[in-house]
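Shown next: work.txt, containing compact mmCIF, C-alpha atoms.
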```
# COMPACT_ATOMS: atom_id res chain seq x y z
CA MET A 1 76.71 141.88 84.28
CA TRP A 2 80.05 142.92 85.80
CA VAL A 3 78.36 143.18 89.21
CA ALA A 4 76.90 139.70 88.88
CA ALA A 5 80.23 138.24 87.81
CA GLY A 6 82.00 139.93 90.71
CA ALA A 7 79.44 138.64 93.18
CA LEU A 8 79.82 135.11 91.80
CA ALA A 9 83.60 135.29 92.10
CA LEU A 10 83.38 136.53 95.67
CA GLY A 11 80.95 133.73 96.47
CA ILE A 12 83.32 131.09 95.12
CA ILE A 13 86.22 132.56 97.11
CA ALA A 14 84.10 132.65 100.27
CA ILE A 15 83.03 129.03 99.86
CA ALA A 16 86.61 127.86 99.33
CA PHE A 17 87.76 129.96 102.31
CA LEU A 18 85.17 128.46 104.63
CA ARG A 19 85.65 124.91 103.44
CA HIS A 20 89.33 125.23 104.27
CA ALA A 21 88.53 126.81 107.65
CA SER A 22 86.13 124.01 108.54
CA LEU A 23 89.00 121.52 108.34
CA ASN A 24 91.32 123.63 110.50
CA VAL A 25 90.06 122.64 113.95
CA PRO A 26 91.78 124.53 116.79
CA HIS A 27 92.79 123.20 120.16
CA ASP A 28 90.93 124.43 123.23
CA PRO A 29 93.22 125.44 126.12
CA LEU A 30 90.46 125.10 128.72
CA ALA A 31 89.67 121.54 127.65
CA SER A 32 93.36 120.61 127.75
CA ALA A 33 93.67 122.07 131.25
CA ALA A 34 90.57 120.18 132.38
CA LEU A 35 92.03 116.89 131.17
CA ALA A 36 95.33 117.66 132.91
CA ARG A 37 93.41 118.27 136.14
CA GLN A 38 91.51 115.00 135.72
CA LEU A 39 94.69 112.98 135.13
CA LEU A 40 96.68 114.53 137.93
CA THR A 41 94.05 114.55 140.67
CA ALA A 42 92.85 110.97 140.12
CA PRO A 43 93.37 108.66 143.12
CA ARG A 44 96.84 107.13 143.21
CA ALA A 45 97.52 103.42 143.46
CA ALA A 46 99.96 102.29 146.11
CA GLY A 47 103.52 102.84 144.95
CA GLU A 48 102.44 104.56 141.73
CA ILE A 49 104.90 106.86 140.00
CA ARG A 50 103.09 109.34 137.78
CA VAL A 51 104.75 110.34 134.52
CA LEU A 52 103.07 113.03 132.41
CA GLY A 53 104.32 113.83 128.92
CA LEU A 54 103.56 117.07 127.08
CA GLY A 55 104.38 117.24 123.40
CA SER A 56 103.60 117.93 119.77
CA SER A 57 102.53 115.55 117.02
CA LEU A 58 106.01 113.98 117.18
CA LEU A 59 105.18 112.65 120.66
CA TRP A 60 101.69 111.74 119.43
CA ALA A 61 103.14 109.53 116.68
CA ALA A 62 105.84 108.06 118.93
CA THR A 63 103.50 106.98 121.75
CA PRO A 64 100.38 105.34 120.30
CA PRO A 65 97.80 103.91 122.72
CA GLY A 66 98.73 100.47 124.00
CA GLN A 67 102.42 100.97 123.32
CA PHE A 68 103.20 100.99 127.02
CA ASP A 69 101.06 98.04 128.05
CA GLN A 70 104.34 96.42 129.05
CA GLN A 71 105.06 99.38 131.29
CA TYR A 72 103.60 97.53 134.23
CA LYS A 73 106.66 95.31 134.24
CA GLN A 74 108.19 98.48 135.64
CA ARG A 75 106.50 98.45 138.99
CA GLY A 76 104.30 101.46 139.62
CA LEU A 77 104.92 103.28 136.31
CA HIS A 78 101.86 105.25 135.19
CA TRP A 79 102.43 107.00 131.84
CA MET A 80 100.05 109.75 130.67
CA ARG A 81 100.33 112.24 127.82
CA LEU A 82 98.86 115.52 126.60
CA ILE A 83 99.54 116.34 122.98
CA LYS A 84 98.85 119.11 120.48
CA THR A 85 99.76 119.69 116.86
CA ASP A 86 102.55 121.98 115.67
CA VAL A 87 105.30 123.61 117.74
CA GLY A 88 105.03 125.87 120.78
CA LEU A 89 103.23 125.33 124.05
CA GLY A 90 100.03 126.82 122.65
CA ALA A 91 96.85 125.27 124.02
CA LEU A 92 98.83 123.29 126.59
CA GLY A 93 99.80 126.50 128.39
CA PRO A 94 96.96 126.46 130.95
CA SER A 95 97.86 122.84 131.73
CA LEU A 96 101.01 124.13 133.44
CA THR A 97 98.87 125.73 136.14
CA GLU A 98 97.16 122.39 136.79
CA ILE A 99 100.53 120.64 136.82
CA GLU A 100 101.82 123.06 139.46
CA HIS A 101 98.71 122.46 141.59
CA ALA A 102 99.03 118.66 141.42
CA PRO A 103 102.47 117.84 140.00
CA PRO A 104 103.38 114.40 138.67
CA ASP A 105 106.50 112.66 139.90
CA ILE A 106 108.10 112.99 136.47
CA LEU A 107 107.21 115.61 133.86
CA VAL A 108 108.32 115.01 130.27
CA ILE A 109 108.53 117.98 127.90
CA GLU A 110 109.08 117.31 124.22
CA LYS A 111 111.52 119.88 122.90
CA ASN A 112 109.17 121.27 120.22
CA LEU A 113 107.16 122.96 122.97
CA PHE A 114 110.04 125.32 123.77
CA PHE A 115 109.69 127.18 120.48
CA LEU A 116 107.81 130.43 120.84
CA ASP A 117 104.15 130.33 119.90
CA PRO A 118 103.30 133.66 118.25
CA GLY A 119 99.73 133.44 119.49
CA ARG A 120 96.67 134.95 117.90
CA THR A 121 97.06 138.39 116.36
CA ARG A 122 94.42 141.00 115.69
CA ASN A 123 94.49 139.89 112.06
CA ASP A 124 93.52 136.42 113.22
CA GLU A 125 90.61 137.87 115.18
CA VAL A 126 89.40 139.80 112.14
CA THR A 127 89.66 136.66 110.02
CA ILE A 128 87.53 134.75 112.52
CA GLU A 129 84.93 137.49 112.49
CA ILE A 130 84.84 137.46 108.68
CA LYS A 131 84.49 133.68 108.66
CA GLY A 132 81.53 133.87 111.00
CA THR A 133 79.78 136.51 108.95
CA LEU A 134 80.37 134.70 105.66
CA LYS A 135 79.31 131.36 107.10
CA ALA A 136 76.04 132.74 108.42
CA GLY A 137 75.26 134.49 105.14
CA LEU A 138 76.09 131.54 102.91
CA ALA A 139 74.17 129.09 105.08
CA LYS A 140 71.03 131.18 104.57
CA LEU A 141 71.54 131.84 100.86
CA VAL A 142 72.68 128.37 99.78
CA PRO A 143 71.69 125.64 102.28
CA GLY A 144 74.12 122.71 102.29
CA VAL A 145 76.94 124.59 100.55
CA LEU A 146 79.27 124.14 103.53
CA PRO A 147 80.49 120.72 104.72
CA PRO A 148 79.01 119.40 107.97
CA GLN A 149 80.90 119.99 111.19
CA PRO A 150 83.17 117.15 112.34
CA VAL A 151 81.65 114.57 114.67
CA GLN A 152 83.77 115.92 117.51
CA GLN A 153 83.04 119.39 118.73
CA GLN A 154 85.96 121.73 118.15
CA GLU A 155 86.90 121.81 121.81
CA ALA A 156 86.74 118.01 122.06
CA LEU A 157 89.08 117.16 119.17
CA PRO A 158 92.40 117.49 121.03
CA MET A 159 90.94 115.48 123.90
CA ALA A 160 89.97 112.67 121.54
CA ALA A 161 93.49 112.80 120.10
CA GLN A 162 94.89 111.66 123.45
CA HIS A 163 93.23 108.28 122.97
CA TYR A 164 94.03 107.28 119.41
CA ALA A 165 97.13 106.96 117.26
CA LEU A 166 98.21 109.64 114.84
CA PRO A 167 97.00 108.56 111.36
CA CYS A 168 100.30 107.75 109.74
CA ALA A 169 101.30 105.43 106.87
CA PRO A 170 104.96 104.43 106.42
CA GLN A 171 106.92 106.48 103.92
CA PRO A 172 106.99 104.32 100.74
CA ALA A 173 110.05 105.96 99.18
CA PRO A 174 112.96 108.21 100.14
CA LEU A 175 112.16 111.84 100.81
CA SER A 176 112.04 114.02 97.75
CA PRO A 177 114.38 117.03 97.39
CA LEU A 178 111.35 119.29 97.92
CA GLN A 179 110.45 117.56 101.20
CA ARG A 180 114.03 117.83 102.39
CA ALA A 181 114.16 121.52 101.52
CA GLN A 182 110.88 122.19 103.34
CA TYR A 183 112.05 120.46 106.50
CA PHE A 184 115.38 122.24 106.33
CA ARG A 185 113.77 125.68 106.05
CA GLY A 186 111.29 124.98 108.82
CA SER A 187 113.98 123.70 111.19
CA GLN A 188 116.30 126.59 110.43
CA LEU A 189 113.58 129.11 111.26
CA ALA A 190 112.63 127.35 114.49
CA TYR A 191 116.17 126.92 115.79
CA ALA A 192 117.03 130.51 114.87
CA GLN A 193 114.44 131.93 117.29
CA ALA A 194 116.16 134.41 119.56
CA GLN A 195 114.23 133.38 122.65
CA ILE A 196 113.16 130.11 124.25
CA ASP A 197 109.65 130.18 125.72
CA PRO A 198 110.25 132.05 129.02
CA ALA A 199 106.94 131.02 130.62
CA LEU A 200 107.65 127.34 130.07
CA VAL A 201 111.23 127.70 131.34
CA ALA A 202 110.07 129.51 134.49
CA GLY A 203 107.39 126.91 135.19
CA LEU A 204 109.81 124.02 134.83
CA LEU A 205 112.34 125.66 137.14
CA ARG A 206 109.63 126.09 139.79
CA LEU A 207 108.62 122.45 139.48
CA ALA A 208 112.21 121.24 139.63
CA ARG A 209 112.74 123.23 142.85
CA ARG A 210 109.73 121.41 144.31
CA GLY A 211 111.28 118.03 143.58
CA VAL A 212 109.53 117.15 140.32
CA ARG A 213 111.84 115.26 137.97
CA ILE A 214 111.94 117.06 134.59
CA MET A 215 112.84 115.08 131.46
CA ILE A 216 113.36 117.09 128.25
CA LEU A 217 112.79 114.79 125.31
CA ASP A 218 114.04 115.16 121.74
CA ILE A 219 112.35 112.89 119.16
CA PRO A 220 114.59 113.30 116.11
CA ARG A 221 113.41 113.13 112.52
CA HIS A 222 114.97 110.95 109.82
CA ALA A 223 118.76 110.81 110.23
CA ASP A 224 119.36 112.63 106.93
CA LEU A 225 117.14 115.52 108.02
CA GLU A 226 118.85 115.67 111.40
CA GLN A 227 122.25 115.78 109.74
CA SER A 228 121.27 118.78 107.61
CA THR A 229 120.37 120.89 110.67
CA ALA A 230 122.84 119.44 113.19
CA SER A 231 124.84 122.64 113.66
CA VAL A 232 121.94 125.04 114.23
CA LYS A 233 120.20 122.49 116.45
CA GLU A 234 123.32 122.09 118.57
CA HIS A 235 123.49 125.85 119.14
CA TRP A 236 119.79 125.96 120.06
CA PHE A 237 120.22 123.16 122.60
CA ALA A 238 123.20 124.95 124.09
CA ARG A 239 120.95 127.96 124.75
CA LEU A 240 118.25 125.70 126.19
CA ARG A 241 120.76 124.11 128.57
CA GLN A 242 121.81 127.57 129.73
CA ALA A 243 118.18 128.37 130.56
CA LEU A 244 117.53 124.92 132.07
CA PRO A 245 120.82 123.50 133.34
CA PRO A 246 120.90 119.71 133.67
CA GLY A 247 121.20 118.37 137.18
CA PRO A 248 119.69 115.89 139.64
CA ALA A 249 116.14 117.14 138.94
CA LEU A 250 116.47 117.88 135.22
CA SER A 251 117.80 115.72 132.41
CA TYR A 252 117.97 115.65 128.61
CA HIS A 253 117.06 112.62 126.50
CA THR A 254 117.50 112.23 122.74
CA ALA A 255 115.84 109.25 121.10
CA PRO A 256 117.66 107.35 118.34
CA SER A 257 117.32 108.64 114.80
CA HIS A 258 117.04 106.15 111.95
CA ARG A 259 117.90 105.96 108.27
CA GLN A 260 115.25 103.37 107.36
CA THR A 261 112.53 105.22 105.45
CA ASP A 262 109.71 102.94 106.59
CA LEU A 263 110.28 103.85 110.24
CA TYR A 264 108.74 107.25 109.48
CA CYS A 265 105.54 108.40 107.82
CA ASP A 266 106.96 111.57 106.30
CA GLY A 267 110.53 111.72 107.44
CA ALA A 268 109.46 113.26 110.76
CA HIS A 269 106.65 111.34 112.47
CA LEU A 270 107.41 107.77 113.48
CA SER A 271 105.45 104.97 111.85
CA ALA A 272 104.06 102.04 113.84
CA ALA A 273 107.36 100.19 113.41
CA GLY A 274 109.32 103.29 114.38
CA SER A 275 107.19 103.89 117.47
CA ARG A 276 107.85 100.33 118.66
CA LEU A 277 111.58 100.98 118.55
CA PHE A 278 111.06 104.29 120.33
CA GLY A 279 108.90 102.60 122.97
CA ARG A 280 111.56 100.09 123.96
CA TRP A 281 114.15 102.86 124.25
CA TRP A 282 111.77 105.15 126.15
CA LEU A 283 110.78 102.52 128.71
CA ASP A 284 114.45 102.08 129.57
CA GLU A 285 114.84 105.86 129.96
CA LEU A 286 111.77 106.06 132.21
CA ALA A 287 112.89 103.11 134.30
CA THR A 288 116.21 104.84 134.96
CA SER A 289 114.50 108.12 135.84
CA MET A 290 112.02 106.38 138.13
CA LYS A 291 114.89 105.36 140.36
CA ASP A 292 115.67 109.03 140.94
CA ALA A 293 112.06 110.23 141.36
CA PRO A 294 111.09 111.39 144.85
```

Serialized structure, structure tokens:
Amino acid sequence: MWVAAGALALGIIAIAFLRHASLNVPHDPLASAALARQLLTAPRAAGEIRVLGLGSSLLWAATPPGQFDQQYKQRGLHWMRLIKTDVGLGALGPSLTEIEHAPPDILVIEKNLFFLDPGRTRNDEVTIEIKGTLKAGLAKLVPGVLPPQPVQQQEALPMAAQHYALPCAPQPAPLSPLQRAQYFRGSQLAYAQAQIDPALVAGLLRLARRGVRIMILDIPRHADLEQSTASVKEHWFARLRQALPPGPALSYHTAPSHRQTDLYCDGAHLSAAGSRLFGRWWLDELATSMKDAP
């Protein structure tokens, strides 16, 4: 009886574990690199200035498809983006190689990518192996117990994300104390990192020496959240500027932060209304930088 009860408990845990895992779809670095190659090696129109943005979900929310339809009032501007979730360069890392092979005129790096990505540990590998074993066993023992795979293949999901807006409803009420505390802790940990991603810094310096205009973009969260971490963020940016000094080929750009709750979905990601405000500001920044592009 105890054996049967233990087996049942383990089965329930395994099912819950795998259901959670099935919703956690990873990004594929090779697919991201392939899309970067496709974007950057496409034939150029006469007078076209290519602008490629790399960023996290903050850039995803701020630049929904169609937002820059008016970009063509800026003659020759061609905006493209590659996005991923969470901080760190992560799956966008191999895209840097493609960017160095066929660089855009202007490369935009959202500041969240400079945080170190811890990468996959051996514990992660063991977890993946366990997931595979459990999934195979449960699928045979109890057909239909696991949810179906998403319509997109795992490696295709981040590619599809390039072409649709981040699902995001406006924040209906002010942030709760718990939300504020969570953002504060997360920001403190990120800005306290001792090192800024050295591979990304080295790649950007190489590109700048080749004449690529580098724009480092900060998309701030709600003004109250920004105020709570202003000091530690200022120190982090000071270290970033030491690693990547501003100059003719490299500039820093901080978007406006707002106090209106409905301009954000969760205090961090811009809502549709917030992204429209960002878009107008960003087009002006790009237009200015285009004048200095080679």

Contacts of range 29-58 of chain A with range 219-229 of chain A up to 12 Å, shortest pair per row, all atoms listed in the file, as JSON lines:
```
{"residue": "A:Gly55", "atom": "CA", "partner": "A:Ile219", "partner_atom": "CA", "distance": 10.0}
{"residue": "A:Ser56", "atom": "CA", "partner": "A:Ile219", "partner_atom": "CA", "distance": 10.1}
{"residue": "A:Ser57", "atom": "CA", "partner": "A:Ile219", "partner_atom": "CA", "distance": 10.4}
{"residue": "A:Leu58", "atom": "CA", "partner": "A:Ile219", "partner_atom": "CA", "distance": 6.7}
```

Q) Ala36 in chain A: which residues within 7 Å, counting all atoms listed in the file, same-chain residues fewer than 4 positions away excluded, as a VMD selection string? A) chain A and resid 32 40 95 98

**Q.** Shortest interatomic distance to Pro104 in chain A - which of A:Asp86, A:Asp197, A:Glu48, A:Glu234, counting all atoms listed in the file
**A.**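 Going through A:Asp86, A:Asp197, A:Glu48, A:Glu234 one by one, the smallest distance to Pro104 in chain A is for A:Glu48.
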
Q.
So that I can check the surroundings of Arg37 in chain A, please list as a PyMOL selection string every protein, DNA and RNA residue that reaches within 8 Å of it, counting only C-alpha atoms and ignoring chain neighbours fewer than 2 positions away.
A. chain A and resi 33-35+39-41+95+98-99+102

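The gap separating CA of Ala243 in chain A from CA of Tyr183 in chain A is 26.1 Å, in Å to one decimal.
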
Q | Nearest to Gly279 in chain A by atom-to-atom distance, counting all atoms listed in the file, from A:Asp262, A:Ala62, A:Leu189, A:Gln38 | A | A:Ala62

**Q.** Who sits within 10 Å of Arg276 in chain A, only C-alpha atoms, same chain under 6 positions skipped, as a list in words
**A.**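 Residues meeting the cut-off are Ala62, Thr63, Pro64, Gln67, Phe68, Leu263, Leu270 and Trp282 of chain A.
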
Q: Have a look at CA of Gly186 in chain A and CA of Leu113 in chain A and let me know their distance in Å, one decimal.
A: 14.9 Å

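Nearest residue to Pro94 in chain A among A:Gln171, A:Ala272, A:Pro29, A:Met290 is A:Pro29, counting only C-alpha atoms.
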